[in-house]
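Shown next, in structure tokens, is the structure this report addresses.
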Amino acid sequence: MSTSNVRSIKKDGALPPFEDALTLPGKLYWDQAVFNAEKEAIFSSMWLCIGRCEDIEDPGSYFTWQQDNERILIVRGKDKKIRAFFNVCRHRGSRLVEEESGCGLNRITCPYHAWTYASDGRLVSAPTMGDDFDKNDFPLVEAPCDTYGGFIFINLDENAEPLESFLSDLPDLSRYQLPELRRAARVEYVVDANWKLICENYNECYHCALVHPQLHRISDANSGGKMERGRCFSGGSMHLNDGFSTMTMSGHSDHPVIPGLSEEDHRTVQYYTIYPNLLISPHPDYLLTHTIWPIGPGKTRIVCEWFFTQEAVNQPGFDPSDAVEFWDVTNKQDWGLCVRAQRGAESRGYRPGKYHPHESAVWAFDDWYRDFMEL
Ligand code: FES
Ligand SMILES: [Fe+2]
């Protein structure tokens with residue numbers, strides 16, 4: 001990605017411009033105190049993509065999402081609205097729901113003393129609490145929850161700005177019909193590298209010709225368009241080489257393209273990091289996402305998912321494996337790089353380095369990070 005479209009989002013110019021910037025100090029990749037600060041400032045106060053609306057289509061269907069000791073309950077109410085609740089009883093604080101997912105949760109009954117909540121969070125029963133007890137005073141505590149493109153986002157900060165406002169400068173991806181797409185595959189990885197190394201690696205293709213022969217054959221490492229950045233994202237696009245129609249092992253697709261895309265879109269794959277941890281990559285015929293979950297300073301869980309059109313998924317004999325294998329191969333090549341980078345960052349000999357011109361989106365991510373963490 002070139003630097004020609006780099007638009008500074010700094011008001012005071014406090015951080016160095018791309019040309020003068022160096023990569024992050026090594027300590028930011030391995031220090032436990034830094035990690036703890038990130039968990040608080042970023043992963044407990046920013047919008048996080050935690051699932052899909054398609055997973056809880058019926059009223060009463062639910063799943064829980066865990067980060068450290070917090071387990072959030074996400075449930076679709078009778079009114080079809082999706083809400084997120086801190087999974088904590090308002091009586092004496094028992095955890096309410098331990099299951100990872102399920103259906104029929106129209107009443108949430110605490111296993112301790114049977115206080116019972118409706119799926120919209122209202123306390124509807126509190127046995128023998130007496131007439132002067134007002135149930136309206138003790139609803140479940142909600143966490144901000146909203147959707148974008150069929151994805152469910154939550155924020156652990158009760159005072160978070162609305163998701164719509166946070167995402168307001170994200171490029172318009174509505175032509176990809178994201179809410180209509182359906183998950184066809186999911187692969188989880190645990191990688192011995194800091195979560196920022198995963199994001200940084202996603203944001204550049206300087207390494208692609210060397211490390212990703214399968215990818216480079218289909219989408220030239222130098223085919224990147226202009227780098228784009230905003231308050232909530234950085235990224236850009238790459239083009240498919242002539243003779244190829246999508247990113248699969250074969251370079252071709254048996255599946256219908258997403259309807260309504262332009263000729264340009266048929267030749268393009270978009271790669272955006274939505275801060276802090278959603279990597280969203282629309283292809284002509286499918287959507288690839290990675291969600292990045294820090295486990296420790298040097299360990300990260302990555303959930304990779306593939307979404308196709310409903311028409312494709314409904315086709316008899318539908319088989320996404322050509323796309324899944326392509327990105328599984330590419331992912332594993334990337335994780336190997338990230339582990340090496342982690343080992344380097346942990347060395348006493350590590351020094352911040354110089355960004356290549358094709359790494360402007362890495363710089364944009366690092367710049368956002370420094371700015372957000374006030375480093
Ligand atoms: S702690 Fe839930 S009913 Fe007592
Ligand atoms: Fe890569």
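Residues are named by chain letter and number: chains run A, B, ... in the order of the structure tokens, numbers start at 1 in each chain, and ligands are numbered from 1 in the order shown.
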Next on the checklist: How would you report the residues lying within 8 Å of ligand 1, as a ChimeraX atom specification, if you count only C-alpha atoms and all ligand atoms?
Outcome noted: /A:88-96,109-116,126
Checklist entry - Residues within 7 Å of ligand 2 (only C-alpha atoms and all ligand atoms), as a list in words? => result Asn201, Tyr202, Cys205, His207, Cys208, His212, Thr330, Gln333 and Asp334 of chain A
Export N, CA and C atoms of the chosen residues as a PDB file, in the first residue's frame?
```
ATOM      1  N   ASN A 201       1.097  -7.546  10.842  1.00  0.00           N
ATOM      2  CA  ASN A 201       1.375  -8.443   9.720  1.00  0.00           C
ATOM      3  C   ASN A 201       0.261  -8.410   8.678  1.00  0.00           C
ATOM      4  N   TYR A 202      -0.976  -8.319   9.166  1.00  0.00           N
ATOM      5  CA  TYR A 202      -2.133  -8.264   8.247  1.00  0.00           C
ATOM      6  C   TYR A 202      -2.098  -6.998   7.398  1.00  0.00           C
ATOM      7  N   CYS A 205       1.905  -6.237   2.755  1.00  0.00           N
ATOM      8  CA  CYS A 205       2.178  -7.377   1.874  1.00  0.00           C
ATOM      9  C   CYS A 205       3.621  -7.307   1.353  1.00  0.00           C
ATOM     10  N   HIS A 207       5.916  -8.738   2.715  1.00  0.00           N
ATOM     11  CA  HIS A 207       6.446 -10.090   2.899  1.00  0.00           C
ATOM     12  C   HIS A 207       5.841 -11.108   1.928  1.00  0.00           C
ATOM     13  N   CYS A 208       4.841 -10.693   1.160  1.00  0.00           N
ATOM     14  CA  CYS A 208       4.007 -11.689   0.461  1.00  0.00           C
ATOM     15  C   CYS A 208       4.758 -12.460  -0.624  1.00  0.00           C
ATOM     16  N   HIS A 212       4.398 -16.018   0.739  1.00  0.00           N
ATOM     17  CA  HIS A 212       3.085 -16.533   0.318  1.00  0.00           C
ATOM     18  C   HIS A 212       3.078 -16.811  -1.194  1.00  0.00           C
ATOM     19  N   THR A 330      -2.243 -19.727   4.084  1.00  0.00           N
ATOM     20  CA  THR A 330      -1.686 -18.370   4.208  1.00  0.00           C
ATOM     21  C   THR A 330      -1.593 -17.962   5.679  1.00  0.00           C
ATOM     22  N   GLN A 333       1.361 -19.577   7.308  1.00  0.00           N
ATOM     23  CA  GLN A 333       2.604 -18.906   6.905  1.00  0.00           C
ATOM     24  C   GLN A 333       2.768 -17.606   7.704  1.00  0.00           C
ATOM     25  N   ASP A 334       1.672 -16.876   7.860  1.00  0.00           N
ATOM     26  CA  ASP A 334       1.737 -15.610   8.609  1.00  0.00           C
ATOM     27  C   ASP A 334       2.057 -15.840  10.082  1.00  0.00           C
TER      28      ASP A 334
END
```
Checklist entry - Using the chain letters and numbers from this document, which residues of segment 73-220 of chain A does DSSP assign to strand (DSSP E), as a ChimeraX atom specification? => result /A:73-76,82-86,101-102,107-109,116-118,123-125,142-143,145-148,151-154,182-191
Put those residues in a file: N, CA and C atoms, as a compact mmCIF listing (two decimals), in the first residue's frame.
```txt
# COMPACT_ATOMS: atom_id res chain seq x y z
N LEU A 73 -23.46 -12.27 28.68
CA LEU A 73 -24.57 -13.01 28.09
C LEU A 73 -25.18 -12.18 26.96
N ILE A 74 -25.24 -12.75 25.77
CA ILE A 74 -25.84 -12.06 24.63
C ILE A 74 -27.08 -12.85 24.24
N VAL A 75 -28.23 -12.20 24.29
CA VAL A 75 -29.48 -12.92 24.10
C VAL A 75 -30.42 -12.10 23.21
N ARG A 76 -31.17 -12.81 22.37
CA ARG A 76 -32.17 -12.11 21.56
C ARG A 76 -33.50 -12.14 22.32
N ILE A 82 -31.29 -7.72 20.07
CA ILE A 82 -30.15 -8.40 20.69
C ILE A 82 -29.60 -7.50 21.80
N ARG A 83 -29.47 -8.08 22.98
CA ARG A 83 -28.93 -7.31 24.12
C ARG A 83 -27.76 -8.09 24.74
N ALA A 84 -26.88 -7.34 25.37
CA ALA A 84 -25.77 -7.95 26.11
C ALA A 84 -25.91 -7.58 27.58
N PHE A 85 -25.77 -8.57 28.44
CA PHE A 85 -25.87 -8.33 29.87
C PHE A 85 -24.62 -8.84 30.58
N PHE A 86 -24.19 -8.09 31.58
CA PHE A 86 -23.23 -8.66 32.50
C PHE A 86 -23.94 -9.83 33.18
N SER A 101 -23.70 -21.54 24.71
CA SER A 101 -24.77 -21.11 23.82
C SER A 101 -25.98 -21.99 24.05
N GLY A 102 -27.12 -21.54 23.53
CA GLY A 102 -28.33 -22.33 23.68
C GLY A 102 -29.52 -21.58 23.14
N ARG A 107 -36.61 -16.90 30.04
CA ARG A 107 -36.49 -16.53 31.46
C ARG A 107 -35.08 -16.93 31.90
N ILE A 108 -34.45 -16.07 32.66
CA ILE A 108 -33.11 -16.37 33.18
C ILE A 108 -33.24 -16.49 34.69
N THR A 109 -33.15 -17.70 35.18
CA THR A 109 -33.35 -17.93 36.62
C THR A 109 -32.01 -18.17 37.28
N THR A 116 -35.45 -14.20 39.00
CA THR A 116 -35.67 -14.56 37.60
C THR A 116 -35.84 -13.30 36.75
N TYR A 117 -35.16 -13.31 35.63
CA TYR A 117 -35.14 -12.13 34.74
C TYR A 117 -35.77 -12.49 33.40
N ALA A 118 -36.39 -11.52 32.75
CA ALA A 118 -36.87 -11.69 31.38
C ALA A 118 -35.69 -11.51 30.44
N LEU A 123 -36.13 -7.73 36.00
CA LEU A 123 -36.32 -8.71 37.07
C LEU A 123 -37.82 -8.96 37.18
N VAL A 124 -38.25 -10.19 36.98
CA VAL A 124 -39.70 -10.47 36.98
C VAL A 124 -40.13 -11.28 38.20
N SER A 125 -39.18 -11.89 38.89
CA SER A 125 -39.57 -12.65 40.08
C SER A 125 -38.41 -12.67 41.07
N GLU A 142 -26.86 -3.89 31.68
CA GLU A 142 -26.59 -4.08 30.25
C GLU A 142 -25.21 -3.56 29.87
N ALA A 143 -24.57 -4.25 28.93
CA ALA A 143 -23.36 -3.72 28.29
C ALA A 143 -23.80 -3.17 26.92
N CYS A 145 -24.42 -2.78 23.27
CA CYS A 145 -24.44 -3.85 22.26
C CYS A 145 -25.12 -3.31 21.01
N ASP A 146 -24.53 -3.56 19.87
CA ASP A 146 -25.14 -3.09 18.61
C ASP A 146 -24.61 -3.98 17.49
N THR A 147 -25.12 -3.77 16.29
CA THR A 147 -24.69 -4.61 15.18
C THR A 147 -24.22 -3.75 14.02
N TYR A 148 -23.32 -4.31 13.25
CA TYR A 148 -22.87 -3.72 12.00
C TYR A 148 -22.62 -4.88 11.02
N PHE A 151 -22.73 -8.38 12.15
CA PHE A 151 -21.83 -8.72 13.26
C PHE A 151 -22.33 -8.07 14.54
N ILE A 152 -22.20 -8.80 15.65
CA ILE A 152 -22.58 -8.28 16.97
C ILE A 152 -21.35 -7.69 17.63
N PHE A 153 -21.47 -6.46 18.05
CA PHE A 153 -20.39 -5.78 18.77
C PHE A 153 -20.87 -5.49 20.19
N ILE A 154 -19.96 -5.63 21.14
CA ILE A 154 -20.26 -5.18 22.49
C ILE A 154 -19.13 -4.28 22.99
N ARG A 182 -23.55 -15.79 5.05
CA ARG A 182 -23.69 -16.85 6.04
C ARG A 182 -22.36 -17.56 6.26
N ARG A 183 -22.08 -17.86 7.52
CA ARG A 183 -20.81 -18.51 7.85
C ARG A 183 -20.75 -19.91 7.26
N ALA A 184 -19.63 -20.18 6.60
CA ALA A 184 -19.46 -21.51 6.00
C ALA A 184 -18.32 -22.28 6.66
N ALA A 185 -17.42 -21.58 7.33
CA ALA A 185 -16.29 -22.26 7.97
C ALA A 185 -15.71 -21.37 9.05
N ARG A 186 -15.11 -22.04 10.03
CA ARG A 186 -14.49 -21.33 11.15
C ARG A 186 -13.28 -22.14 11.59
N VAL A 187 -12.12 -21.48 11.72
CA VAL A 187 -10.91 -22.14 12.19
C VAL A 187 -10.29 -21.27 13.28
N GLU A 188 -9.91 -21.90 14.37
CA GLU A 188 -9.29 -21.16 15.48
C GLU A 188 -7.82 -21.50 15.56
N TYR A 189 -7.02 -20.51 15.85
CA TYR A 189 -5.58 -20.71 16.00
C TYR A 189 -5.14 -20.09 17.33
N VAL A 190 -4.12 -20.65 17.93
CA VAL A 190 -3.44 -19.99 19.06
C VAL A 190 -1.99 -19.81 18.63
N VAL A 191 -1.53 -18.57 18.67
CA VAL A 191 -0.22 -18.24 18.11
C VAL A 191 0.64 -17.61 19.20
```
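Comparing the minimum interatomic distances between Ala193 of chain A and each of A:Ala160, A:Leu375, A:Ile295, A:Ala221, counting only C-alpha atoms, we find that A:Ile295 sits nearest.
Checking A:Ser360, A:Asn136, A:Thr64, A:Ser347 one by one against Trp30 of chain A, counting only C-alpha atoms, you find the shortest gap at A:Ser347.
Considering the residues A:Tyr176, A:Tyr355, A:Phe63, A:Phe166 and counting only C-alpha atoms, Leu105 of chain A has its shortest atom-to-atom contact with A:Phe63.
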Item to check | Option closest in space to Asp366 of chain A, from A:Arg175, A:Lys27, A:Lys78, A:Lys196 [counting only C-alpha atoms] | outcome: A:Lys196
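Considering only C-alpha atoms, the residue among A:Leu261, A:Trp293, A:Ser245, A:Val141 positioned nearest to Trp65 of chain A is A:Trp293.
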